[in-house]
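Peer 1: Sharing a structure below in structure tokens format, with a few things to ask.
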Amino acid sequence: MSLTLLHTSDWHLGHELNGEPREAEHDLFLDWLHAMLGAQDVDVLVVTGDIYDVANPPVSAMRRLFGFLQRACASYPALQVVILGGNHDSAMRIDLPAALLGAGQVHFVGALPRLDGAPDHARMLIPMHDRAGDVRAWLAAVPFCRPADLGRESLASLYAGVQEAGLAKAQGLPLVVTGHLHVAGGSVSEMSERRIVIGGEEAEAASLFDARTAYVALGHLHRPQDISGATRIRYAGSPFPLSATERNYRHSVSLVRLGAETGAPCEVDTLPIPRPAAFLAIGPSPLEDAVAQIEALDTDTDLPRTLWPFIDIKVSVTGPEPGLAPRILDALDGKALRLVSLKRVHARAQDAATARSPAADLDELRPEEVFAQLYTRQYPGDGPPEDLARAFAQLLVETQADGEDA
């Protein structure tokens, strides 16, 4: 093997869960990652987008990123770092440090590089060095692409062009390609991953990626997973659960050992990330059972609150339960637990869409679902036609992009 690359993604620095900050968890993850860079003799660290949780992150989140980079570069002077923009990031904010630092140990690629209105393939190509300073592979650094970034291009033509340019530049050395997008076949976390639609299609085909590419490093989906394709395609996933639906994920980073030449197989190992804070769930259970389960939990009150376990509680009901919330909160009193959510689940609706309280579940509503419901209310039937649904999805993404770049 000629080069060792560590692929991680979707850090979401600045994230909060039901008002609870995740800073202590991020610090423990970054401490662990720093140690792994040395323990695994990593040559290149690649972070494939969603560095921050929001386009305008708090100062503490930016300080956390740059503090980690300063420490990693000081500890490992030969390490290269590539930071890519994701759909949660402001492309301009990610690109700004690149203008300050110039070419060197850390590379920031927030927006798709362009030249005369077309994608600039040459600026996306980054040589990857071993510890002796010799170029052992090349990286095609493709960030998240908003519709306006592509212009008349498609993702298919963009990736075809940058991969051809990369293979020509590599001259027989391995080529690694990045992306921040939803590739067909990937498992989605409904409550965390903002919908991405490019050209009217949410899930892009794995055929975007050339069989001659050694490894495709992807971001956006939070579950670590491989995607079936002509080459090795992998989502590294997030460092820890960002919602209740992710509590059973086995979060990890991907350690990639590249072969010496184009076409040589790479070796991919996963390094499990220690979970900084436990994530518990109760229910759906009747109220008395849920209370008994909470009371039976043994919690460590000596832990700092920022590392208390999260808990997601669902109570099965058959009718009004006016005393439900006080009973649950009383049971939680004195327990070292952080409540993520408390939901009523109507027994008759457990096998279908749950009968929701709109006020309680407003934070979980998906705009496309609201659009479909409003359409059906106005025009009874099977919902909006496919072309109208796609047009709404495209408008949604463009609106999100305008808000992030404002």
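Letters A, B, ... go to the chains of the structure tokens in the order shown; residues in each chain start at 1; ligands are counted from 1 in the same order.
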For A:Asp210, list every protein, DNA or RNA residue within 12 Å, evaluated using only C-alpha atoms, and leave out those in the same chain fewer than 6 positions away; present the list as a PyMOL selection string.

Peer 2: chain A and resi 156-157+159-167+175-177+216+229-233+262-263

Peer 1: Keeping N, CA and C atoms for every residue in the selection just given, could you write it to a file as a PDB file, in the first residue's frame?

Peer 2:
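Below is the file that was written, selection_6.pdb:
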ATOM      1  N   ALA A 156     -23.532  14.222 -13.818  1.00  0.00           N
ATOM      2  CA  ALA A 156     -22.885  13.171 -14.606  1.00  0.00           C
ATOM      3  C   ALA A 156     -21.743  13.738 -15.442  1.00  0.00           C
ATOM      4  N   SER A 157     -21.988  14.883 -16.104  1.00  0.00           N
ATOM      5  CA  SER A 157     -20.927  15.458 -16.940  1.00  0.00           C
ATOM      6  C   SER A 157     -19.810  16.039 -16.082  1.00  0.00           C
ATOM      7  N   TYR A 159     -18.780  14.926 -13.071  1.00  0.00           N
ATOM      8  CA  TYR A 159     -17.937  13.844 -12.572  1.00  0.00           C
ATOM      9  C   TYR A 159     -17.170  13.163 -13.698  1.00  0.00           C
ATOM     10  N   ALA A 160     -17.796  13.027 -14.856  1.00  0.00           N
ATOM     11  CA  ALA A 160     -17.071  12.445 -15.985  1.00  0.00           C
ATOM     12  C   ALA A 160     -15.852  13.293 -16.337  1.00  0.00           C
ATOM     13  N   GLY A 161     -16.037  14.621 -16.354  1.00  0.00           N
ATOM     14  CA  GLY A 161     -14.933  15.499 -16.718  1.00  0.00           C
ATOM     15  C   GLY A 161     -13.817  15.512 -15.699  1.00  0.00           C
ATOM     16  N   VAL A 162     -14.173  15.620 -14.412  1.00  0.00           N
ATOM     17  CA  VAL A 162     -13.126  15.709 -13.396  1.00  0.00           C
ATOM     18  C   VAL A 162     -12.398  14.373 -13.230  1.00  0.00           C
ATOM     19  N   GLN A 163     -13.103  13.257 -13.446  1.00  0.00           N
ATOM     20  CA  GLN A 163     -12.421  11.968 -13.332  1.00  0.00           C
ATOM     21  C   GLN A 163     -11.470  11.735 -14.508  1.00  0.00           C
ATOM     22  N   GLU A 164     -11.868  12.138 -15.699  1.00  0.00           N
ATOM     23  CA  GLU A 164     -10.966  12.010 -16.845  1.00  0.00           C
ATOM     24  C   GLU A 164      -9.729  12.884 -16.643  1.00  0.00           C
ATOM     25  N   ALA A 165      -9.953  14.110 -16.167  1.00  0.00           N
ATOM     26  CA  ALA A 165      -8.821  15.004 -15.916  1.00  0.00           C
ATOM     27  C   ALA A 165      -7.929  14.440 -14.817  1.00  0.00           C
ATOM     28  N   GLY A 166      -8.546  13.863 -13.776  1.00  0.00           N
ATOM     29  CA  GLY A 166      -7.778  13.306 -12.675  1.00  0.00           C
ATOM     30  C   GLY A 166      -6.965  12.094 -13.082  1.00  0.00           C
ATOM     31  N   LEU A 167      -7.555  11.215 -13.873  1.00  0.00           N
ATOM     32  CA  LEU A 167      -6.831  10.019 -14.327  1.00  0.00           C
ATOM     33  C   LEU A 167      -5.660  10.403 -15.223  1.00  0.00           C
ATOM     34  N   LEU A 175      -6.497   7.358  -8.077  1.00  0.00           N
ATOM     35  CA  LEU A 175      -7.317   8.562  -8.016  1.00  0.00           C
ATOM     36  C   LEU A 175      -8.444   8.336  -7.019  1.00  0.00           C
ATOM     37  N   VAL A 176      -8.590   9.256  -6.071  1.00  0.00           N
ATOM     38  CA  VAL A 176      -9.699   9.250  -5.122  1.00  0.00           C
ATOM     39  C   VAL A 176     -10.635  10.398  -5.494  1.00  0.00           C
ATOM     40  N   VAL A 177     -11.944  10.134  -5.457  1.00  0.00           N
ATOM     41  CA  VAL A 177     -12.949  11.135  -5.822  1.00  0.00           C
ATOM     42  C   VAL A 177     -13.857  11.374  -4.620  1.00  0.00           C
ATOM     43  N   VAL A 216     -14.188   6.210  -3.695  1.00  0.00           N
ATOM     44  CA  VAL A 216     -15.075   7.358  -3.717  1.00  0.00           C
ATOM     45  C   VAL A 216     -15.475   7.663  -2.275  1.00  0.00           C
ATOM     46  N   GLY A 229     -21.322  -0.326  -6.632  1.00  0.00           N
ATOM     47  CA  GLY A 229     -20.945   0.375  -7.847  1.00  0.00           C
ATOM     48  C   GLY A 229     -19.741  -0.269  -8.499  1.00  0.00           C
ATOM     49  N   ALA A 230     -19.206   0.385  -9.524  1.00  0.00           N
ATOM     50  CA  ALA A 230     -18.092  -0.180 -10.276  1.00  0.00           C
ATOM     51  C   ALA A 230     -16.776  -0.079  -9.522  1.00  0.00           C
ATOM     52  N   THR A 231     -16.734   0.732  -8.477  1.00  0.00           N
ATOM     53  CA  THR A 231     -15.538   0.878  -7.647  1.00  0.00           C
ATOM     54  C   THR A 231     -15.977   0.946  -6.188  1.00  0.00           C
ATOM     55  N   ARG A 232     -15.061   1.182  -5.263  1.00  0.00           N
ATOM     56  CA  ARG A 232     -15.413   1.231  -3.846  1.00  0.00           C
ATOM     57  C   ARG A 232     -15.987   2.608  -3.523  1.00  0.00           C
ATOM     58  N   ILE A 233     -17.256   2.637  -3.147  1.00  0.00           N
ATOM     59  CA  ILE A 233     -17.974   3.878  -2.858  1.00  0.00           C
ATOM     60  C   ILE A 233     -18.440   3.797  -1.410  1.00  0.00           C
ATOM     61  N   THR A 262      -3.076   2.938 -10.564  1.00  0.00           N
ATOM     62  CA  THR A 262      -4.464   2.892 -11.015  1.00  0.00           C
ATOM     63  C   THR A 262      -4.892   1.445 -11.211  1.00  0.00           C
ATOM     64  N   GLY A 263      -6.061   1.136 -10.691  1.00  0.00           N
ATOM     65  CA  GLY A 263      -6.588  -0.218 -10.843  1.00  0.00           C
ATOM     66  C   GLY A 263      -6.215  -1.152  -9.715  1.00  0.00           C
TER      67      GLY A 263
END

Peer 1: Could you list, as a list in words, every residue within 7 Å of A:Ala141, counting only C-alpha atoms and ignoring same-chain residues fewer than 2 positions away?

Peer 2: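 That gives Met124, Leu125, Leu139, Pro143, Val177 and Thr178 of chain A.
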
Peer 1: Just write the chosen residues, N, CA and C atoms, as a PDB file, in the first residue's frame.

Peer 2:
ATOM      1  N   MET A 124      -9.669  21.404  -8.912  1.00  0.00           N
ATOM      2  CA  MET A 124     -10.239  20.374  -8.035  1.00  0.00           C
ATOM      3  C   MET A 124      -9.253  19.250  -7.749  1.00  0.00           C
ATOM      4  N   LEU A 125      -8.152  19.194  -8.480  1.00  0.00           N
ATOM      5  CA  LEU A 125      -7.218  18.078  -8.361  1.00  0.00           C
ATOM      6  C   LEU A 125      -6.102  18.422  -7.382  1.00  0.00           C
ATOM      7  N   LEU A 139      -6.319  13.436  -5.637  1.00  0.00           N
ATOM      8  CA  LEU A 139      -7.677  13.573  -5.110  1.00  0.00           C
ATOM      9  C   LEU A 139      -8.459  14.536  -5.992  1.00  0.00           C
ATOM     10  N   PRO A 143     -16.924  19.339  -3.963  1.00  0.00           N
ATOM     11  CA  PRO A 143     -17.784  19.657  -2.815  1.00  0.00           C
ATOM     12  C   PRO A 143     -19.249  19.451  -3.164  1.00  0.00           C
ATOM     13  N   VAL A 177     -11.944  10.134  -5.457  1.00  0.00           N
ATOM     14  CA  VAL A 177     -12.949  11.135  -5.822  1.00  0.00           C
ATOM     15  C   VAL A 177     -13.857  11.374  -4.620  1.00  0.00           C
ATOM     16  N   THR A 178     -14.250  12.623  -4.411  1.00  0.00           N
ATOM     17  CA  THR A 178     -15.137  12.947  -3.288  1.00  0.00           C
ATOM     18  C   THR A 178     -16.499  13.413  -3.793  1.00  0.00           C
TER      19      THR A 178
END

Peer 1: Could you check the closest approach to A:Ala217 for each of A:Ser341, A:Ser254, A:Gln105, A:Gln70 and tell me which residue wins, using only C-alpha atoms?

Peer 2: A:Ser254

Peer 1: Using only C-alpha atoms, what table do you get, as CSV, when you list each residue of stretch 203-284 of chain A with an atom no more than 12 Å from stretch 18-32 of chain A, its nearest pair of atoms, and their distance in Å rounded to one decimal, rows by chain then rising number?

Peer 2:
residue,atom,partner,partner_atom,distance
A:Ser238,CA,A:Phe29,CA,10.6
A:Pro239,CA,A:Phe29,CA,7.0
A:Phe240,CA,A:Glu25,CA,8.2
A:Pro241,CA,A:Arg22,CA,10.4
A:Leu242,CA,A:Arg22,CA,9.3
A:Ser243,CA,A:Asn18,CA,9.5
A:Ala244,CA,A:Asn18,CA,10.7
A:His251,CA,A:Phe29,CA,11.0
A:Ser252,CA,A:Phe29,CA,10.5
A:Val253,CA,A:Phe29,CA,10.8
A:Leu271,CA,A:Trp32,CA,10.7
A:Pro272,CA,A:Trp32,CA,10.5
A:Ile273,CA,A:Phe29,CA,7.4
A:Pro274,CA,A:Phe29,CA,7.7
A:Arg275,CA,A:Glu25,CA,8.3
A:Pro276,CA,A:Glu25,CA,5.3
A:Ala277,CA,A:Glu25,CA,7.1
A:Ala278,CA,A:Glu25,CA,10.6

Peer 1: Based on the backbone DSSP call, show me all residues of stretch 165-370 of chain A assigned helix (DSSP H, G or I), as a PyMOL selection string.

Peer 2: chain A and resi 165-170+206-208+244-246+287-296+305-307+324-332+347-349+362-364+367-370

Peer 1: Write the residues of the selection above to a file with N, CA and C atoms, as a short mmCIF file (atom, residue, chain, number, x, y, z; two decimals), in the first residue's frame.

Peer 2:
data_model
loop_
_atom_site.label_atom_id
_atom_site.label_comp_id
_atom_site.auth_asym_id
_atom_site.auth_seq_id
_atom_site.Cartn_x
_atom_site.Cartn_y
_atom_site.Cartn_z
N ALA A 165 -9.95 14.11 -16.17
CA ALA A 165 -8.82 15.00 -15.92
C ALA A 165 -7.93 14.44 -14.82
N GLY A 166 -8.55 13.86 -13.78
CA GLY A 166 -7.78 13.31 -12.67
C GLY A 166 -6.96 12.09 -13.08
N LEU A 167 -7.55 11.22 -13.87
CA LEU A 167 -6.83 10.02 -14.33
C LEU A 167 -5.66 10.40 -15.22
N ALA A 168 -5.87 11.44 -16.06
CA ALA A 168 -4.78 11.90 -16.92
C ALA A 168 -3.65 12.51 -16.08
N LYS A 169 -4.03 13.28 -15.06
CA LYS A 169 -3.03 13.91 -14.20
C LYS A 169 -2.28 12.89 -13.36
N ALA A 170 -3.00 11.85 -12.92
CA ALA A 170 -2.40 10.85 -12.04
C ALA A 170 -1.33 10.02 -12.75
N ALA A 206 -25.05 5.53 -8.81
CA ALA A 206 -23.66 5.17 -8.51
C ALA A 206 -22.83 5.12 -9.78
N SER A 207 -23.49 5.11 -10.94
CA SER A 207 -22.76 5.09 -12.22
C SER A 207 -22.05 6.41 -12.48
N LEU A 208 -22.22 7.41 -11.61
CA LEU A 208 -21.44 8.65 -11.72
C LEU A 208 -19.95 8.37 -11.63
N ALA A 244 -32.67 10.92 17.22
CA ALA A 244 -33.06 9.65 17.84
C ALA A 244 -33.03 8.51 16.84
N THR A 245 -33.29 8.79 15.57
CA THR A 245 -33.32 7.72 14.57
C THR A 245 -31.93 7.14 14.30
N GLU A 246 -30.89 7.81 14.77
CA GLU A 246 -29.52 7.34 14.49
C GLU A 246 -28.88 6.64 15.69
N LEU A 287 -48.29 4.19 29.70
CA LEU A 287 -47.71 5.17 30.61
C LEU A 287 -47.09 4.53 31.84
N GLU A 288 -47.81 3.61 32.49
CA GLU A 288 -47.28 3.01 33.71
C GLU A 288 -46.00 2.23 33.42
N ASP A 289 -45.96 1.52 32.30
CA ASP A 289 -44.75 0.78 31.94
C ASP A 289 -43.59 1.72 31.66
N ALA A 290 -43.87 2.82 30.96
CA ALA A 290 -42.81 3.79 30.65
C ALA A 290 -42.24 4.39 31.92
N VAL A 291 -43.11 4.74 32.87
CA VAL A 291 -42.66 5.30 34.14
C VAL A 291 -41.80 4.29 34.88
N ALA A 292 -42.23 3.02 34.91
CA ALA A 292 -41.47 1.97 35.60
C ALA A 292 -40.10 1.78 34.97
N GLN A 293 -40.03 1.83 33.63
CA GLN A 293 -38.75 1.67 32.94
C GLN A 293 -37.81 2.83 33.27
N ILE A 294 -38.35 4.03 33.34
CA ILE A 294 -37.51 5.20 33.68
C ILE A 294 -36.99 5.06 35.10
N GLU A 295 -37.86 4.70 36.02
CA GLU A 295 -37.46 4.59 37.42
C GLU A 295 -36.42 3.49 37.63
N ALA A 296 -36.41 2.48 36.76
CA ALA A 296 -35.46 1.38 36.89
C ALA A 296 -34.08 1.71 36.34
N ARG A 305 -23.19 17.22 33.01
CA ARG A 305 -24.46 17.20 32.28
C ARG A 305 -24.25 17.05 30.78
N THR A 306 -23.16 17.63 30.26
CA THR A 306 -22.92 17.59 28.81
C THR A 306 -22.64 16.19 28.30
N LEU A 307 -22.47 15.20 29.20
CA LEU A 307 -22.27 13.82 28.78
C LEU A 307 -23.34 12.88 29.35
N LEU A 324 -49.98 12.85 31.44
CA LEU A 324 -48.86 12.09 30.89
C LEU A 324 -47.53 12.81 31.08
N ALA A 325 -47.44 14.04 30.62
CA ALA A 325 -46.15 14.75 30.68
C ALA A 325 -45.67 14.93 32.12
N PRO A 326 -46.53 15.36 33.06
CA PRO A 326 -46.04 15.48 34.44
C PRO A 326 -45.55 14.17 35.03
N ARG A 327 -46.22 13.06 34.72
CA ARG A 327 -45.80 11.77 35.26
C ARG A 327 -44.40 11.40 34.74
N ILE A 328 -44.18 11.64 33.45
CA ILE A 328 -42.87 11.31 32.86
C ILE A 328 -41.80 12.23 33.43
N LEU A 329 -42.10 13.51 33.53
CA LEU A 329 -41.10 14.46 34.05
C LEU A 329 -40.79 14.18 35.52
N ASP A 330 -41.79 13.77 36.28
CA ASP A 330 -41.54 13.41 37.68
C ASP A 330 -40.62 12.19 37.77
N ALA A 331 -40.82 11.22 36.87
CA ALA A 331 -39.98 10.03 36.88
C ALA A 331 -38.54 10.37 36.49
N LEU A 332 -38.38 11.36 35.63
CA LEU A 332 -37.04 11.77 35.19
C LEU A 332 -36.32 12.63 36.23
N ALA A 347 -52.47 4.01 19.83
CA ALA A 347 -52.34 2.57 19.61
C ALA A 347 -52.84 2.16 18.24
N ARG A 348 -53.94 2.77 17.77
CA ARG A 348 -54.50 2.38 16.48
C ARG A 348 -53.66 2.86 15.31
N ALA A 349 -52.73 3.76 15.58
CA ALA A 349 -51.95 4.34 14.48
C ALA A 349 -50.51 3.86 14.46
N LEU A 362 -43.82 19.80 15.24
CA LEU A 362 -43.56 20.78 14.20
C LEU A 362 -42.13 20.71 13.69
N ASP A 363 -41.16 20.41 14.60
CA ASP A 363 -39.76 20.38 14.20
C ASP A 363 -39.43 19.21 13.30
N GLU A 364 -40.36 18.24 13.19
CA GLU A 364 -40.08 17.07 12.37
C GLU A 364 -40.78 17.11 11.02
N PRO A 367 -41.02 19.65 4.52
CA PRO A 367 -41.79 20.54 3.63
C PRO A 367 -42.50 19.81 2.50
N GLU A 368 -41.86 18.78 1.92
CA GLU A 368 -42.49 18.06 0.81
C GLU A 368 -43.73 17.30 1.27
N GLU A 369 -43.74 16.85 2.56
CA GLU A 369 -44.91 16.16 3.08
C GLU A 369 -46.07 17.16 3.27
N VAL A 370 -45.74 18.34 3.79
CA VAL A 370 -46.76 19.38 3.96
C VAL A 370 -47.34 19.76 2.61
#

Peer 1: Within 10 Å of A:Val135, counting only C-alpha atoms, which residues show up once you throw out same-chain ones fewer than 2 positions away? Write them as an NGL selection string, please.

Peer 2: :A and (2-3 or 126-133 or 137-138 or 170 or 173)

Peer 1: How would the residues just picked look written out with N, CA and C atoms as a compact mmCIF listing (two decimals), in the first residue's frame?

Peer 2:
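Output file part_29.txt is given in full below:
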# COMPACT_ATOMS: atom_id res chain seq x y z
N SER A 2 0.49 2.25 -0.82
CA SER A 2 1.36 3.40 -1.01
C SER A 2 0.97 4.61 -0.16
N LEU A 3 -0.28 4.70 0.28
CA LEU A 3 -0.75 5.91 0.96
C LEU A 3 -1.92 5.52 1.86
N ILE A 126 -5.95 17.59 -6.37
CA ILE A 126 -4.97 17.82 -5.30
C ILE A 126 -4.01 16.63 -5.23
N PRO A 127 -2.69 16.86 -5.36
CA PRO A 127 -1.75 15.75 -5.21
C PRO A 127 -1.66 15.33 -3.74
N MET A 128 -1.61 14.04 -3.50
CA MET A 128 -1.51 13.52 -2.14
C MET A 128 -0.13 12.90 -1.94
N HIS A 129 0.57 13.37 -0.89
CA HIS A 129 1.96 12.98 -0.66
C HIS A 129 2.08 11.98 0.48
N ASP A 130 3.12 11.16 0.39
CA ASP A 130 3.47 10.34 1.55
C ASP A 130 4.35 11.17 2.49
N ARG A 131 4.85 10.54 3.54
CA ARG A 131 5.60 11.31 4.54
C ARG A 131 6.96 11.78 4.03
N ALA A 132 7.42 11.17 2.96
CA ALA A 132 8.68 11.61 2.36
C ALA A 132 8.47 12.77 1.40
N GLY A 133 7.20 13.14 1.17
CA GLY A 133 6.90 14.24 0.27
C GLY A 133 6.68 13.82 -1.17
N ALA A 137 -0.71 9.62 -4.90
CA ALA A 137 -2.08 9.51 -5.40
C ALA A 137 -2.61 10.92 -5.64
N TRP A 138 -3.78 11.00 -6.28
CA TRP A 138 -4.43 12.28 -6.55
C TRP A 138 -5.85 12.25 -6.02
N ALA A 170 -3.00 11.85 -12.92
CA ALA A 170 -2.40 10.85 -12.04
C ALA A 170 -1.33 10.02 -12.75
N LEU A 173 -1.11 6.68 -11.17
CA LEU A 173 -1.28 6.63 -9.72
C LEU A 173 -2.77 6.54 -9.37

Peer 1: Could you check which of A:Leu115, A:Ile94, A:Val106, A:Leu395 is closest to A:Ala74, using only C-alpha atoms?

Peer 2: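 Ranking A:Leu115, A:Ile94, A:Val106, A:Leu395 by distance to A:Ala74, first place goes to A:Val106.
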
Peer 1: For A:Val317, please output as a list of chain:residue names all residues within 10 Å (counting only C-alpha atoms; exclusion window: fewer than 3 positions along the same chain).

Peer 2: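 The filter keeps A:Pro284, A:Ser285, A:Pro286, A:Leu287, A:Lys314, A:Pro320, A:Glu321, A:Leu324, A:Lys343, A:Arg344, A:Val345, A:His346, A:Ala347, A:Arg348.
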
Peer 1: Near A:Asp89, counting only C-alpha atoms, which residues have an atom at most 10 Å away, once you skip same-chain residues fewer than 6 positions from it, shown as a ChimeraX atom specification?

Peer 2: /A:12,49-57,110-111,144,401,404-405

Peer 1: Could the residues in this selection be saved with N, CA and C atoms as an mmCIF file, in the first residue's frame?

Peer 2:
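Contents of the output file again-v4.cif:
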data_model
loop_
_atom_site.group_PDB
_atom_site.id
_atom_site.type_symbol
_atom_site.label_atom_id
_atom_site.label_comp_id
_atom_site.auth_asym_id
_atom_site.auth_seq_id
_atom_site.Cartn_x
_atom_site.Cartn_y
_atom_site.Cartn_z
ATOM 1 N N HIS A 12 -20.906 18.296 11.770
ATOM 2 C CA HIS A 12 -21.996 19.147 12.265
ATOM 3 C C HIS A 12 -21.605 19.888 13.542
ATOM 4 N N GLY A 49 -17.598 17.134 3.948
ATOM 5 C CA GLY A 49 -18.721 18.054 4.017
ATOM 6 C C GLY A 49 -19.527 18.029 5.303
ATOM 7 N N ASP A 50 -20.395 19.040 5.422
ATOM 8 C CA ASP A 50 -21.169 19.315 6.623
ATOM 9 C C ASP A 50 -20.243 19.403 7.834
ATOM 10 N N ILE A 51 -19.232 20.256 7.693
ATOM 11 C CA ILE A 51 -18.330 20.531 8.808
ATOM 12 C C ILE A 51 -19.116 21.187 9.933
ATOM 13 N N TYR A 52 -19.956 22.156 9.551
ATOM 14 C CA TYR A 52 -20.785 22.858 10.518
ATOM 15 C C TYR A 52 -22.231 22.394 10.398
ATOM 16 N N ASP A 53 -23.007 22.666 11.440
ATOM 17 C CA ASP A 53 -24.415 22.271 11.427
ATOM 18 C C ASP A 53 -25.274 23.277 10.681
ATOM 19 N N VAL A 54 -24.841 24.523 10.663
ATOM 20 C CA VAL A 54 -25.602 25.571 9.974
ATOM 21 C C VAL A 54 -24.640 26.436 9.173
ATOM 22 N N ALA A 55 -25.203 27.178 8.211
ATOM 23 C CA ALA A 55 -24.369 27.994 7.330
ATOM 24 C C ALA A 55 -23.663 29.119 8.080
ATOM 25 N N ASN A 56 -24.288 29.611 9.147
ATOM 26 C CA ASN A 56 -23.678 30.669 9.956
ATOM 27 C C ASN A 56 -23.395 30.102 11.347
ATOM 28 N N PRO A 57 -22.324 29.336 11.499
ATOM 29 C CA PRO A 57 -22.086 28.622 12.760
ATOM 30 C C PRO A 57 -21.639 29.557 13.874
ATOM 31 N N GLY A 110 -14.891 24.847 -0.665
ATOM 32 C CA GLY A 110 -16.278 25.076 -0.295
ATOM 33 C C GLY A 110 -17.200 25.091 -1.491
ATOM 34 N N ALA A 111 -16.883 25.950 -2.466
ATOM 35 C CA ALA A 111 -17.680 26.044 -3.689
ATOM 36 C C ALA A 111 -16.987 25.295 -4.820
ATOM 37 N N PHE A 144 -20.126 19.798 -2.235
ATOM 38 C CA PHE A 144 -21.560 19.801 -2.524
ATOM 39 C C PHE A 144 -21.842 20.801 -3.637
ATOM 40 N N ALA A 401 -30.547 27.044 -0.416
ATOM 41 C CA ALA A 401 -29.229 27.522 -0.847
ATOM 42 C C ALA A 401 -29.154 29.045 -0.770
ATOM 43 N N GLU A 404 -28.704 30.064 2.837
ATOM 44 C CA GLU A 404 -27.400 29.766 3.394
ATOM 45 C C GLU A 404 -26.339 30.736 2.922
ATOM 46 N N ASP A 405 -26.467 31.208 1.694
ATOM 47 C CA ASP A 405 -25.435 32.078 1.120
ATOM 48 C C ASP A 405 -25.726 33.557 1.367
#

Peer 1: Return the single residue from A:Pro119, A:Leu5, A:Asp333, A:Arg114 that is closest to A:Ala214, with distances computed using only C-alpha atoms.

Peer 2: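 Looking at the shortest contact to A:Ala214, the residue is A:Leu5.
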
Peer 1: If DSSP is run on the backbone, what residues of stretch 101-301 of chain A are strand (DSSP E)? A reply as JSON, numbers by chain would be ideal.

Peer 2: {"A": [106, 107, 108, 109, 114, 115, 118, 119, 125, 126, 127, 128, 129, 135, 136, 137, 138, 139, 140, 175, 176, 177, 178, 179, 180, 215, 216, 217, 218, 219, 225, 226, 227, 233, 234, 235, 252, 253, 254, 255, 256, 257, 258, 267, 268, 269, 270, 271, 272, 279, 280, 281, 282, 283, 284, 285, 286]}

Peer 1: So how far away is atom CA of A:Arg257 from atom CA of A:Asp269, in Å?

Peer 2: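 Separation of atom CA of A:Asp269 and atom CA of A:Arg257: 8.5 Å.
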